[in-house]
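Enquirer: Structure supplied as data-v4.pdb; contents: PDB, C-alpha atoms.
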ATOM      1  CA  MET A  27     -20.073 -11.307  22.456  1.00  0.00           C
ATOM      2  CA  ALA A  28     -20.625 -10.876  18.746  1.00  0.00           C
ATOM      3  CA  LYS A  29     -24.294 -10.589  17.889  1.00  0.00           C
ATOM      4  CA  THR A  30     -25.900 -12.740  15.215  1.00  0.00           C
ATOM      5  CA  VAL A  31     -28.171 -10.757  12.913  1.00  0.00           C
ATOM      6  CA  PRO A  32     -30.597 -12.176  10.317  1.00  0.00           C
ATOM      7  CA  LEU A  33     -29.816 -11.589   6.652  1.00  0.00           C
ATOM      8  CA  GLN A  34     -31.883 -12.675   3.680  1.00  0.00           C
ATOM      9  CA  VAL A  35     -29.937 -13.418   0.490  1.00  0.00           C
ATOM     10  CA  SER A  36     -31.041 -14.751  -2.872  1.00  0.00           C
ATOM     11  CA  GLN A  37     -29.378 -17.120  -5.269  1.00  0.00           C
ATOM     12  CA  ARG A  38     -27.858 -15.246  -8.214  1.00  0.00           C
ATOM     13  CA  ALA A  39     -28.487 -16.898 -11.567  1.00  0.00           C
ATOM     14  CA  GLY A  40     -26.233 -14.821 -13.759  1.00  0.00           C
ATOM     15  CA  ILE A  41     -22.462 -14.676 -13.452  1.00  0.00           C
ATOM     16  CA  GLY A  42     -19.928 -12.605 -15.312  1.00  0.00           C
ATOM     17  CA  ARG A  43     -19.390  -8.871 -15.659  1.00  0.00           C
ATOM     18  CA  ALA A  44     -22.606  -8.079 -17.498  1.00  0.00           C
ATOM     19  CA  ALA A  45     -24.748 -10.030 -15.037  1.00  0.00           C
ATOM     20  CA  VAL A  46     -23.040  -8.385 -12.038  1.00  0.00           C
ATOM     21  CA  LYS A  47     -23.639  -4.906 -13.468  1.00  0.00           C
ATOM     22  CA  ALA A  48     -27.299  -5.760 -13.989  1.00  0.00           C
ATOM     23  CA  VAL A  49     -27.578  -6.819 -10.322  1.00  0.00           C
ATOM     24  CA  ARG A  50     -26.111  -3.496  -9.168  1.00  0.00           C
ATOM     25  CA  ARG A  51     -28.443  -1.502 -11.419  1.00  0.00           C
ATOM     26  CA  SER A  52     -31.400  -3.257  -9.762  1.00  0.00           C
ATOM     27  CA  GLY A  53     -30.336  -1.948  -6.323  1.00  0.00           C
ATOM     28  CA  ARG A  54     -28.752  -5.152  -5.093  1.00  0.00           C
ATOM     29  CA  VAL A  55     -25.206  -6.180  -4.160  1.00  0.00           C
ATOM     30  CA  PRO A  56     -23.596  -9.224  -5.790  1.00  0.00           C
ATOM     31  CA  GLY A  57     -21.648 -11.613  -3.585  1.00  0.00           C
ATOM     32  CA  VAL A  58     -20.486 -15.140  -2.911  1.00  0.00           C
ATOM     33  CA  LEU A  59     -21.443 -17.505  -0.080  1.00  0.00           C
ATOM     34  CA  TYR A  60     -18.538 -19.843   0.626  1.00  0.00           C
ATOM     35  CA  GLY A  61     -19.436 -23.144   2.241  1.00  0.00           C
ATOM     36  CA  LYS A  62     -17.624 -26.131   3.638  1.00  0.00           C
ATOM     37  CA  THR A  63     -14.452 -27.391   2.067  1.00  0.00           C
ATOM     38  CA  LYS A  64     -14.854 -30.727   0.324  1.00  0.00           C
ATOM     39  CA  GLY A  65     -11.437 -32.236  -0.278  1.00  0.00           C
ATOM     40  CA  THR A  66      -9.435 -29.535  -2.040  1.00  0.00           C
ATOM     41  CA  ALA A  67     -12.483 -27.676  -3.377  1.00  0.00           C
ATOM     42  CA  VAL A  68     -14.503 -25.002  -1.593  1.00  0.00           C
ATOM     43  CA  ARG A  69     -18.219 -24.911  -2.296  1.00  0.00           C
ATOM     44  CA  SER A  70     -19.289 -21.444  -3.362  1.00  0.00           C
ATOM     45  CA  ARG A  71     -22.652 -20.073  -4.437  1.00  0.00           C
ATOM     46  CA  PRO A  72     -23.263 -16.716  -6.162  1.00  0.00           C
ATOM     47  CA  ILE A  73     -25.738 -14.596  -4.219  1.00  0.00           C
ATOM     48  CA  GLU A  74     -27.274 -11.127  -4.243  1.00  0.00           C
ATOM     49  CA  ILE A  75     -28.450  -8.964  -1.338  1.00  0.00           C
ATOM     50  CA  ASP A  76     -30.651  -5.891  -1.098  1.00  0.00           C
ATOM     51  CA  ALA A  77     -28.236  -2.934  -0.952  1.00  0.00           C
ATOM     52  CA  LYS A  78     -30.243  -0.859   1.558  1.00  0.00           C
ATOM     53  CA  LYS A  79     -30.661  -3.744   4.008  1.00  0.00           C
ATOM     54  CA  LEU A  80     -26.992  -4.658   3.739  1.00  0.00           C
ATOM     55  CA  ASN A  81     -25.889  -1.086   4.432  1.00  0.00           C
ATOM     56  CA  GLN A  82     -28.166  -0.881   7.474  1.00  0.00           C
ATOM     57  CA  LEU A  83     -26.749  -4.135   8.812  1.00  0.00           C
ATOM     58  CA  LEU A  84     -23.113  -3.085   8.435  1.00  0.00           C
ATOM     59  CA  HIS A  85     -23.625   0.449   9.780  1.00  0.00           C
ATOM     60  CA  SER A  86     -25.468  -0.804  12.873  1.00  0.00           C
ATOM     61  CA  SER A  87     -22.744  -3.311  13.743  1.00  0.00           C
ATOM     62  CA  THR A  88     -20.256  -2.258  16.434  1.00  0.00           C
ATOM     63  CA  SER A  89     -17.829  -5.076  15.667  1.00  0.00           C
ATOM     64  CA  GLU A  90     -15.523  -5.778  12.755  1.00  0.00           C
ATOM     65  CA  ASN A  91     -16.645  -9.426  12.929  1.00  0.00           C
ATOM     66  CA  VAL A  92     -20.237  -9.581  11.760  1.00  0.00           C
ATOM     67  CA  LEU A  93     -22.021 -12.896  12.303  1.00  0.00           C
ATOM     68  CA  VAL A  94     -25.129 -13.335  10.168  1.00  0.00           C
ATOM     69  CA  ASP A  95     -27.902 -15.907  10.191  1.00  0.00           C
ATOM     70  CA  VAL A  96     -28.230 -16.309   6.432  1.00  0.00           C
ATOM     71  CA  GLU A  97     -31.605 -17.293   4.975  1.00  0.00           C
ATOM     72  CA  LEU A  98     -31.009 -18.363   1.390  1.00  0.00           C
ATOM     73  CA  THR A  99     -33.904 -18.107  -1.048  1.00  0.00           C
ATOM     74  CA  ASP A 100     -34.310 -18.893  -4.732  1.00  0.00           C
ATOM     75  CA  ALA A 101     -35.231 -16.418  -7.462  1.00  0.00           C
ATOM     76  CA  ALA A 102     -38.941 -16.877  -6.646  1.00  0.00           C
ATOM     77  CA  GLY A 103     -38.407 -16.090  -2.959  1.00  0.00           C
ATOM     78  CA  ALA A 104     -38.825 -19.628  -1.650  1.00  0.00           C
ATOM     79  CA  LYS A 105     -36.534 -20.631   1.208  1.00  0.00           C
ATOM     80  CA  VAL A 106     -33.739 -22.988   0.193  1.00  0.00           C
ATOM     81  CA  ASP A 107     -31.733 -23.393   3.404  1.00  0.00           C
ATOM     82  CA  GLN A 108     -30.272 -21.494   6.354  1.00  0.00           C
ATOM     83  CA  HIS A 109     -26.650 -21.013   7.465  1.00  0.00           C
ATOM     84  CA  LEU A 110     -24.597 -19.295  10.119  1.00  0.00           C
ATOM     85  CA  ALA A 111     -21.960 -17.220   8.352  1.00  0.00           C
ATOM     86  CA  ILE A 112     -19.410 -14.496   8.973  1.00  0.00           C
ATOM     87  CA  VAL A 113     -18.822 -11.464   6.759  1.00  0.00           C
ATOM     88  CA  LEU A 114     -15.479 -12.273   5.198  1.00  0.00           C
ATOM     89  CA  ASP A 115     -14.892  -9.289   2.921  1.00  0.00           C
ATOM     90  CA  VAL A 116     -16.725  -6.143   1.833  1.00  0.00           C
ATOM     91  CA  GLN A 117     -15.529  -4.282  -1.256  1.00  0.00           C
ATOM     92  CA  HIS A 118     -16.438  -0.608  -1.734  1.00  0.00           C
ATOM     93  CA  HIS A 119     -16.246   1.493  -4.855  1.00  0.00           C
ATOM     94  CA  PRO A 120     -12.939   3.437  -4.792  1.00  0.00           C
ATOM     95  CA  LEU A 121     -14.570   6.784  -5.658  1.00  0.00           C
ATOM     96  CA  GLU A 122     -18.273   6.486  -4.825  1.00  0.00           C
ATOM     97  CA  ASP A 123     -19.880   5.440  -1.543  1.00  0.00           C
ATOM     98  CA  TYR A 124     -21.490   2.099  -2.304  1.00  0.00           C
ATOM     99  CA  ILE A 125     -20.702  -1.609  -1.882  1.00  0.00           C
ATOM    100  CA  VAL A 126     -19.702  -3.410  -5.064  1.00  0.00           C
ATOM    101  CA  HIS A 127     -19.260  -6.953  -3.699  1.00  0.00           C
ATOM    102  CA  ILE A 128     -19.484  -9.015  -0.491  1.00  0.00           C
ATOM    103  CA  ASP A 129     -18.143 -12.406   0.577  1.00  0.00           C
ATOM    104  CA  LEU A 130     -19.780 -14.553   3.279  1.00  0.00           C
ATOM    105  CA  HIS A 131     -18.238 -17.658   4.813  1.00  0.00           C
ATOM    106  CA  GLU A 132     -20.404 -20.409   6.231  1.00  0.00           C
ATOM    107  CA  ILE A 133     -19.422 -21.677   9.709  1.00  0.00           C
ATOM    108  CA  ASP A 134     -20.710 -24.188  12.250  1.00  0.00           C
ATOM    109  CA  GLN A 135     -21.735 -23.441  15.828  1.00  0.00           C
ATOM    110  CA  ASP A 136     -19.183 -25.963  17.121  1.00  0.00           C
ATOM    111  CA  GLU A 137     -16.372 -24.863  14.776  1.00  0.00           C
ATOM    112  CA  ILE A 138     -13.365 -23.013  16.227  1.00  0.00           C
ATOM    113  CA  LEU A 139     -13.282 -19.595  14.631  1.00  0.00           C
ATOM    114  CA  HIS A 140     -10.095 -17.556  14.098  1.00  0.00           C
ATOM    115  CA  ALA A 141     -10.662 -13.804  13.923  1.00  0.00           C
ATOM    116  CA  GLU A 142      -9.162 -10.378  14.616  1.00  0.00           C
ATOM    117  CA  VAL A 143     -10.758  -8.503  17.515  1.00  0.00           C
ATOM    118  CA  PRO A 144     -10.088  -4.793  18.232  1.00  0.00           C
ATOM    119  CA  VAL A 145      -8.570  -3.751  21.578  1.00  0.00           C
ATOM    120  CA  ALA A 146      -9.171  -0.560  23.569  1.00  0.00           C
ATOM    121  CA  SER A 147      -7.558   0.990  26.650  1.00  0.00           C
ATOM    122  CA  ILE A 148      -9.393   2.029  29.825  1.00  0.00           C
ATOM    123  CA  GLY A 149      -8.146   4.667  32.250  1.00  0.00           C
ATOM    124  CA  GLU A 150      -5.272   7.147  32.268  1.00  0.00           C
ATOM    125  CA  PRO A 151      -1.816   5.715  33.045  1.00  0.00           C
ATOM    126  CA  VAL A 152       0.111   6.975  36.073  1.00  0.00           C
ATOM    127  CA  GLY A 153       3.069   7.598  33.810  1.00  0.00           C
ATOM    128  CA  VAL A 154       0.949   9.952  31.719  1.00  0.00           C
ATOM    129  CA  LYS A 155      -0.827  11.698  34.582  1.00  0.00           C
ATOM    130  CA  SER A 156       2.171  12.389  36.825  1.00  0.00           C
ATOM    131  CA  GLY A 157       5.171  11.531  34.686  1.00  0.00           C
ATOM    132  CA  GLY A 158       4.280  13.398  31.518  1.00  0.00           C
ATOM    133  CA  GLY A 159       4.588  10.243  29.417  1.00  0.00           C
ATOM    134  CA  LEU A 160       2.708   9.198  26.292  1.00  0.00           C
ATOM    135  CA  LEU A 161       0.438   6.153  25.914  1.00  0.00           C
ATOM    136  CA  GLU A 162       1.119   4.272  22.690  1.00  0.00           C
ATOM    137  CA  THR A 163      -1.131   1.581  21.188  1.00  0.00           C
ATOM    138  CA  MET A 164       1.226  -1.096  19.878  1.00  0.00           C
ATOM    139  CA  LEU A 165      -1.481  -3.539  18.686  1.00  0.00           C
ATOM    140  CA  ARG A 166      -4.901  -2.394  17.495  1.00  0.00           C
ATOM    141  CA  THR A 167      -6.312  -5.905  17.078  1.00  0.00           C
ATOM    142  CA  ILE A 168      -5.717  -9.269  18.732  1.00  0.00           C
ATOM    143  CA  ARG A 169      -5.987 -12.625  16.974  1.00  0.00           C
ATOM    144  CA  VAL A 170      -8.273 -14.966  18.883  1.00  0.00           C
ATOM    145  CA  ALA A 171      -9.606 -18.506  18.565  1.00  0.00           C
ATOM    146  CA  CYS A 172     -13.016 -19.427  19.949  1.00  0.00           C
ATOM    147  CA  LEU A 173     -16.444 -20.741  19.093  1.00  0.00           C
ATOM    148  CA  PRO A 174     -18.720 -18.368  17.149  1.00  0.00           C
ATOM    149  CA  ARG A 175     -21.005 -17.825  20.139  1.00  0.00           C
ATOM    150  CA  ASP A 176     -18.017 -16.762  22.278  1.00  0.00           C
ATOM    151  CA  LEU A 177     -16.500 -14.291  19.778  1.00  0.00           C
ATOM    152  CA  PRO A 178     -16.084 -10.909  21.557  1.00  0.00           C
ATOM    153  CA  GLU A 179     -16.848  -7.618  19.842  1.00  0.00           C
ATOM    154  CA  LEU A 180     -14.105  -5.768  21.726  1.00  0.00           C
ATOM    155  CA  ILE A 181     -11.283  -6.543  24.162  1.00  0.00           C
ATOM    156  CA  THR A 182     -10.438  -3.896  26.781  1.00  0.00           C
ATOM    157  CA  ALA A 183      -7.360  -3.449  28.973  1.00  0.00           C
ATOM    158  CA  ASP A 184      -6.971  -1.329  32.130  1.00  0.00           C
ATOM    159  CA  VAL A 185      -3.844   0.823  31.676  1.00  0.00           C
ATOM    160  CA  SER A 186      -4.260   3.123  34.711  1.00  0.00           C
ATOM    161  CA  HIS A 187      -1.427   1.352  36.612  1.00  0.00           C
ATOM    162  CA  LEU A 188       1.186   1.787  33.899  1.00  0.00           C
ATOM    163  CA  GLU A 189       4.231   3.877  34.777  1.00  0.00           C
ATOM    164  CA  LEU A 190       6.916   5.210  32.467  1.00  0.00           C
ATOM    165  CA  GLY A 191       8.536   2.387  30.540  1.00  0.00           C
ATOM    166  CA  HIS A 192       5.850  -0.177  31.448  1.00  0.00           C
ATOM    167  CA  SER A 193       3.536  -2.107  29.099  1.00  0.00           C
ATOM    168  CA  VAL A 194       0.491  -4.352  28.978  1.00  0.00           C
ATOM    169  CA  HIS A 195       1.386  -7.518  27.086  1.00  0.00           C
ATOM    170  CA  VAL A 196      -0.813 -10.038  25.288  1.00  0.00           C
ATOM    171  CA  ARG A 197      -0.393 -12.531  28.150  1.00  0.00           C
ATOM    172  CA  GLU A 198      -1.771  -9.939  30.608  1.00  0.00           C
ATOM    173  CA  LEU A 199      -5.022  -9.307  28.768  1.00  0.00           C
ATOM    174  CA  LYS A 200      -8.181 -10.430  30.530  1.00  0.00           C
ATOM    175  CA  LEU A 201     -10.018 -12.340  27.835  1.00  0.00           C
ATOM    176  CA  PRO A 202     -13.632 -13.537  28.001  1.00  0.00           C
ATOM    177  CA  PRO A 203     -14.234 -17.190  28.882  1.00  0.00           C
ATOM    178  CA  ASN A 204     -13.396 -19.748  26.188  1.00  0.00           C
ATOM    179  CA  VAL A 205     -11.418 -17.170  24.187  1.00  0.00           C
ATOM    180  CA  VAL A 206      -7.700 -17.730  23.510  1.00  0.00           C
ATOM    181  CA  ALA A 207      -5.278 -15.179  22.093  1.00  0.00           C
ATOM    182  CA  THR A 208      -3.045 -16.602  19.359  1.00  0.00           C
ATOM    183  CA  ASN A 209      -0.563 -13.703  19.226  1.00  0.00           C
ATOM    184  CA  PRO A 210       2.861 -14.223  20.837  1.00  0.00           C
ATOM    185  CA  PRO A 211       2.295 -13.671  24.592  1.00  0.00           C
ATOM    186  CA  GLU A 212       5.299 -11.333  24.984  1.00  0.00           C
ATOM    187  CA  LEU A 213       4.022  -8.781  22.464  1.00  0.00           C
ATOM    188  CA  PRO A 214       3.182  -5.390  24.041  1.00  0.00           C
ATOM    189  CA  VAL A 215      -0.325  -4.081  23.412  1.00  0.00           C
ATOM    190  CA  PHE A 216      -0.118  -0.729  25.232  1.00  0.00           C
ATOM    191  CA  SER A 217       3.075   1.027  26.380  1.00  0.00           C
ATOM    192  CA  VAL A 218       3.899   4.281  28.175  1.00  0.00           C
ATOM    193  CA  PHE A 219       6.938   6.114  26.869  1.00  0.00           C
ATOM    194  CA  ALA A 220       8.760   9.142  28.224  1.00  0.00           C
ATOM    195  CA  PRO A 221       8.338  12.199  26.008  1.00  0.00           C
ATOM    196  CA  LYS A 222      11.210  12.864  23.669  1.00  0.00           C
ATOM    197  CA  GLU A 223      13.218  15.936  24.556  1.00  0.00           C
ATOM    198  CA  GLU A 224      13.901  18.240  21.674  1.00  0.00           C
ATOM    199  CA  VAL A 225      17.524  19.347  21.608  1.00  0.00           C
ATOM    200  CA  VAL A 226      17.732  22.972  20.503  1.00  0.00           C
ATOM    201  CA  GLU A 227      21.177  23.885  19.285  1.00  0.00           C
ATOM    202  CA  ALA A 228      22.369  27.321  20.377  1.00  0.00           C
ATOM    203  CA  PRO A 229      23.363  29.561  17.474  1.00  0.00           C
ATOM    204  CA  THR A 230      27.141  29.794  17.119  1.00  0.00           C
ATOM    205  CA  THR A 231      28.534  33.316  16.773  1.00  0.00           C
ATOM    206  CA  GLU A 232      31.978  33.420  15.284  1.00  0.00           C
ATOM    207  CA  VAL A 233      34.118  36.459  16.086  1.00  0.00           C
ATOM    208  CA  GLN A 234      35.621  37.599  12.848  1.00  0.00           C
ATOM    209  CA  GLN A 235      39.096  39.044  13.076  1.00  0.00           C
ATOM    210  CA  PRO A 236      39.798  42.163  11.025  1.00  0.00           C
ATOM    211  CA  GLU A 237      41.411  41.277   7.770  1.00  0.00           C
ATOM    212  CA  VAL A 238      45.005  42.502   7.438  1.00  0.00           C
ATOM    213  CA  ILE A 239      45.595  43.754   3.941  1.00  0.00           C
ATOM    214  CA  LYS A 240      49.238  43.273   3.041  1.00  0.00           C
ATOM    215  CA  GLU A 241      51.002  44.735   0.085  1.00  0.00           C
ATOM    216  CA  LYS A 242      51.209  42.170  -2.557  1.00  0.00           C
ATOM    217  CA  LYS A 243      54.735  41.331  -3.551  1.00  0.00           C
ATOM    218  CA  VAL A 244      55.173  40.666  -7.190  1.00  0.00           C
ATOM    219  CA  GLU A 245      57.188  37.583  -7.817  1.00  0.00           C
ATOM    220  CA  GLY A 246      60.781  38.540  -8.847  1.00  0.00           C
ATOM    221  CA  GLU A 247      60.547  42.131  -7.555  1.00  0.00           C
ATOM    222  CA  ASP A 248      62.783  43.310  -4.665  1.00  0.00           C
ATOM    223  CA  ALA A 249      61.223  44.732  -1.558  1.00  0.00           C
ATOM    224  CA  PRO A 250      61.178  48.591  -1.488  1.00  0.00           C
ATOM    225  CA  ALA A 251      64.065  50.198   0.386  1.00  0.00           C
ATOM    226  CA  THR A 252      63.378  52.047   3.603  1.00  0.00           C
ATOM    227  CA  ASP A 253      65.074  55.147   4.934  1.00  0.00           C
ATOM    228  CA  ALA A 254      66.483  55.525   8.394  1.00  0.00           C
ATOM    229  CA  LYS A 255      63.149  56.704   9.712  1.00  0.00           C
ATOM    230  CA  GLY A 256      61.467  53.586   8.534  1.00  0.00           C
ATOM    231  CA  GLY A 257      59.696  55.261   5.608  1.00  0.00           C
ATOM    232  CA  LYS A 258      59.952  54.171   2.081  1.00  0.00           C
ATOM    233  CA  GLY A 259      62.851  55.788   0.319  1.00  0.00           C
ATOM    234  CA  ASP A 260      63.406  56.484  -3.307  1.00  0.00           C
ATOM    235  CA  ALA A 261      64.703  53.407  -4.934  1.00  0.00           C
ATOM    236  CA  LYS A 262      66.898  55.476  -7.272  1.00  0.00           C
ATOM    237  CA  ALA A 263      68.417  57.534  -4.413  1.00  0.00           C
ATOM    238  CA  GLY A 264      69.665  54.465  -2.730  1.00  0.00           C
ATOM    239  CA  ALA A 265      70.969  52.909  -5.933  1.00  0.00           C
ATOM    240  CA  LYS A 266      74.681  52.787  -6.747  1.00  0.00           C
ATOM    241  CA  PRO A 267      75.890  55.170  -9.517  1.00  0.00           C
ATOM    242  CA  ASP A 268      76.459  53.665 -12.886  1.00  0.00           C
ATOM    243  CA  ALA A 269      80.149  52.939 -13.422  1.00  0.00           C
ATOM    244  CA  LYS A 270      80.086  54.411 -16.943  1.00  0.00           C
ATOM    245  CA  ALA A 271      78.458  57.619 -15.731  1.00  0.00           C
ATOM    246  CA  ALA A 272      81.046  58.049 -12.980  1.00  0.00           C
ATOM    247  CA  ALA A 273      83.936  57.639 -15.417  1.00  0.00           C
ATOM    248  CA  LYS A 274      82.633  60.237 -17.944  1.00  0.00           C
ATOM    249  CA  PRO A 275      84.459  63.610 -17.542  1.00  0.00           C
ATOM    250  CA  ASP A 276      82.518  66.841 -17.006  1.00  0.00           C
ATOM    251  CA  ALA A 277      81.930  68.595 -20.296  1.00  0.00           C
ATOM    252  CA  LYS A 278      82.419  72.081 -18.763  1.00  0.00           C
ATOM    253  CA  LYS A 279      85.899  71.263 -17.642  1.00  0.00           C
TER     254      LYS A 279
END
Reformat the file's structure so that it appears as C-alpha cells.
Expert:
Amino acid sequence: MAKTVPLQVSQRAGIGRAAVKAVRRSGRVPGVLYGKTKGTAVRSRPIEIDAKKLNQLLHSSTSENVLVDVELTDAAGAKVDQHLAIVLDVQHHPLEDYIVHIDLHEIDQDEILHAEVPVASIGEPVGVKSGGGLLETMLRTIRVACLPRDLPELITADVSHLELGHSVHVRELKLPPNVVATNPPELPVFSVFAPKEEVVEAPTTEVQQPEVIKEKKVEGEDAPATDAKGGKGDAKAGAKPDAKAAAKPDAKK
C-alpha cells in the first residue's frame, strides 16, 4: 500500500513571477495546495516547501503516487491546519536538475481515489524459455479506484505460464483487496510473441549474353553484294556496264 509521509509546508504570501523567483532563491520550492471543490470553484492556496526536504521525500518514494500528511504553517511557523494530500504534479527545470513547482491535492480518507499504478511481471514465460518468444509489456500502468489507504504502490503479474501467442489481460490481474481496475478488462497487459523471422533475399545473378555487334545499315543504302564464296565482292565488279560506255567505239580501231 502507498505510504503516507509527513510534509511541512508554509503559506506563501507573495504571488507572481517576482515573488516566485524570490522563493526559489531562498532555497524553497513554490507550489499550490488544491482543496475541496466548492460549487464550480476549487479552493487553492499558494505554498512553499523546503527544497532539500522535498527532494529527499520524492527520491525515497518507491511509488509514483505519493501520499503526504501535510502540516500547513503560517509565515511565523505556527500550525494552521493539517491535510491528507497526494502529489499531483512536479515540474522540473528543463536544463538544470531542480524542482521549479509542485502541486498538491487535498483528499479525504473516505474519498475514492483514481490513480495510475505501475505494473511489473514476475517469472519467465514458457514461450520465452522453450519457444524462443519475446515478452512484451503492453500496459505499463493500470488505472485503479480505491480509498487512499488501499492505494497500492505496485501491481505484479505472474507471467511464467504464458506460451507463444498468450497474454495476461486486465481482468486476470490479482489486485489487492478493495482495489478495482478501471481499464477495459479485455486489454492485454503482458503478451508473448513469436520472434520475427528476417527474410534474407538471395542475390540474383543475371547471366549476360555476349553482345552481337551487327553492321549498321545506313538507311537508303543497298546491302553489299556477296561473291559465290560468300565473301563480300566488289560492288563495281558486279555492276552492269554503262550503256553509253558500251556503245562508244574503240579509239584504236
Enquirer: Within 9 Å of Ile125 (chain A), counting all atoms listed in the file, which residues show up once you throw out same-chain ones fewer than 2 positions away? Write them as a list in words, please.
Expert: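 Final neighbour list, sorted by chain and number: Val55, Ala77, Leu80, Asn81, Val116, Gln117, His118, His119, Glu122, Asp123, His127 and Ile128 of chain A.
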Enquirer: Find the smallest box with edges along x, y and z containing every listed atom of region 107-111 of chain A, then add 4 Å on each side and report centre and edge lengths in Å to one decimal, as lines of an AutoDock Vina configuration file.
Expert:
center_x = -26.8
center_y = -20.3
center_z = 6.8
size_x = 17.8
size_y = 14.2
size_z = 14.7
Enquirer: Under the PyMOL selection byres ((chain A and resi 145) around 10), which residues of this model are included? Write them out as a VMD selection string.
Expert: chain A and resid 142 to 144 146 to 147 163 165 to 168 179 to 183 199 215 to 216
Enquirer: Please write the residues picked by the PyMOL selection byres ((chain A and resi 141) around 9) on this file as JSON, numbers by chain.
Expert: {"A": [91, 139, 140, 142, 143, 168, 169, 170, 171, 172, 177]}
Enquirer: What does the PyMOL selection byres ((chain A and resi 188-198) around 6) select in this file, as a PyMOL selection string?
Expert: chain A and resi 151-153+185-187+199+211-219
Enquirer: Please produce a file of those selected residues containing C-alpha atoms, as a PDB file, keeping the file's coordinate frame.
Expert:
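In the end it all went to part_18.pdb:
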ATOM      1  CA  PRO A 151      -1.816   5.715  33.045  1.00  0.00           C
ATOM      2  CA  VAL A 152       0.111   6.975  36.073  1.00  0.00           C
ATOM      3  CA  GLY A 153       3.069   7.598  33.810  1.00  0.00           C
ATOM      4  CA  VAL A 185      -3.844   0.823  31.676  1.00  0.00           C
ATOM      5  CA  SER A 186      -4.260   3.123  34.711  1.00  0.00           C
ATOM      6  CA  HIS A 187      -1.427   1.352  36.612  1.00  0.00           C
ATOM      7  CA  LEU A 199      -5.022  -9.307  28.768  1.00  0.00           C
ATOM      8  CA  PRO A 211       2.295 -13.671  24.592  1.00  0.00           C
ATOM      9  CA  GLU A 212       5.299 -11.333  24.984  1.00  0.00           C
ATOM     10  CA  LEU A 213       4.022  -8.781  22.464  1.00  0.00           C
ATOM     11  CA  PRO A 214       3.182  -5.390  24.041  1.00  0.00           C
ATOM     12  CA  VAL A 215      -0.325  -4.081  23.412  1.00  0.00           C
ATOM     13  CA  PHE A 216      -0.118  -0.729  25.232  1.00  0.00           C
ATOM     14  CA  SER A 217       3.075   1.027  26.380  1.00  0.00           C
ATOM     15  CA  VAL A 218       3.899   4.281  28.175  1.00  0.00           C
ATOM     16  CA  PHE A 219       6.938   6.114  26.869  1.00  0.00           C
TER      17      PHE A 219
END
Enquirer: For a quick check of understanding, using only C-alpha atoms, which of A:Ile148, A:Val126, A:Ile41, A:Leu33 has the smallest distance to Leu98 (chain A)?
Expert: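 The answer is A:Leu33, which sits nearest to Leu98 (chain A).
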Enquirer: Env of Lys78 (chain A): 9 Å cut, atoms = all atoms listed in the file, seq-sep filter 5 positions within chain, self excluded. Answer as a ChimeraX atom specification.
Expert: /A:53-54,83
Enquirer: Would you compute the distance between CA of Glu97 (chain A) and CA of Leu110 (chain A)? Give it in Å to one decimal.
Expert: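 These atoms are spaced 8.9 Å apart.
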Enquirer: Can you work out the spacing between CA of Ala101 (chain A) and CA of Arg38 (chain A) in Å, to one decimal?
Expert: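 Between these atoms lies a distance of 7.5 Å.
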Enquirer: I'd like to know which of A:Val96, A:Leu173, A:Val205, A:Leu160 is closest to Lys222 (chain A), using only C-alpha atoms.
Expert: A:Leu160
Enquirer: Quick one: pull the distance between CA of Leu114 (chain A) and CA of Glu162 (chain A), Å, one decimal.
Expert: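 Separation of CA of Leu114 (chain A) and CA of Glu162 (chain A): 29.2 Å.
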Enquirer: Excluding Val113 (chain A) and its own-chain neighbours fewer than 4 positions away, which residues fall within 8 Å of it when counting only C-alpha atoms? Please give them as a ChimeraX atom specification.
Expert: /A:91-94,128-131
Enquirer: Residues near Asp95 (chain A), anyone? I mean within 8 Å using only C-alpha atoms, not counting same-chain ones fewer than 5 positions away, as a list in words.
Expert: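 The neighbour list is Thr30, Val31, Pro32, Leu33, Gln108, His109, Leu110 and Ala111 of chain A.
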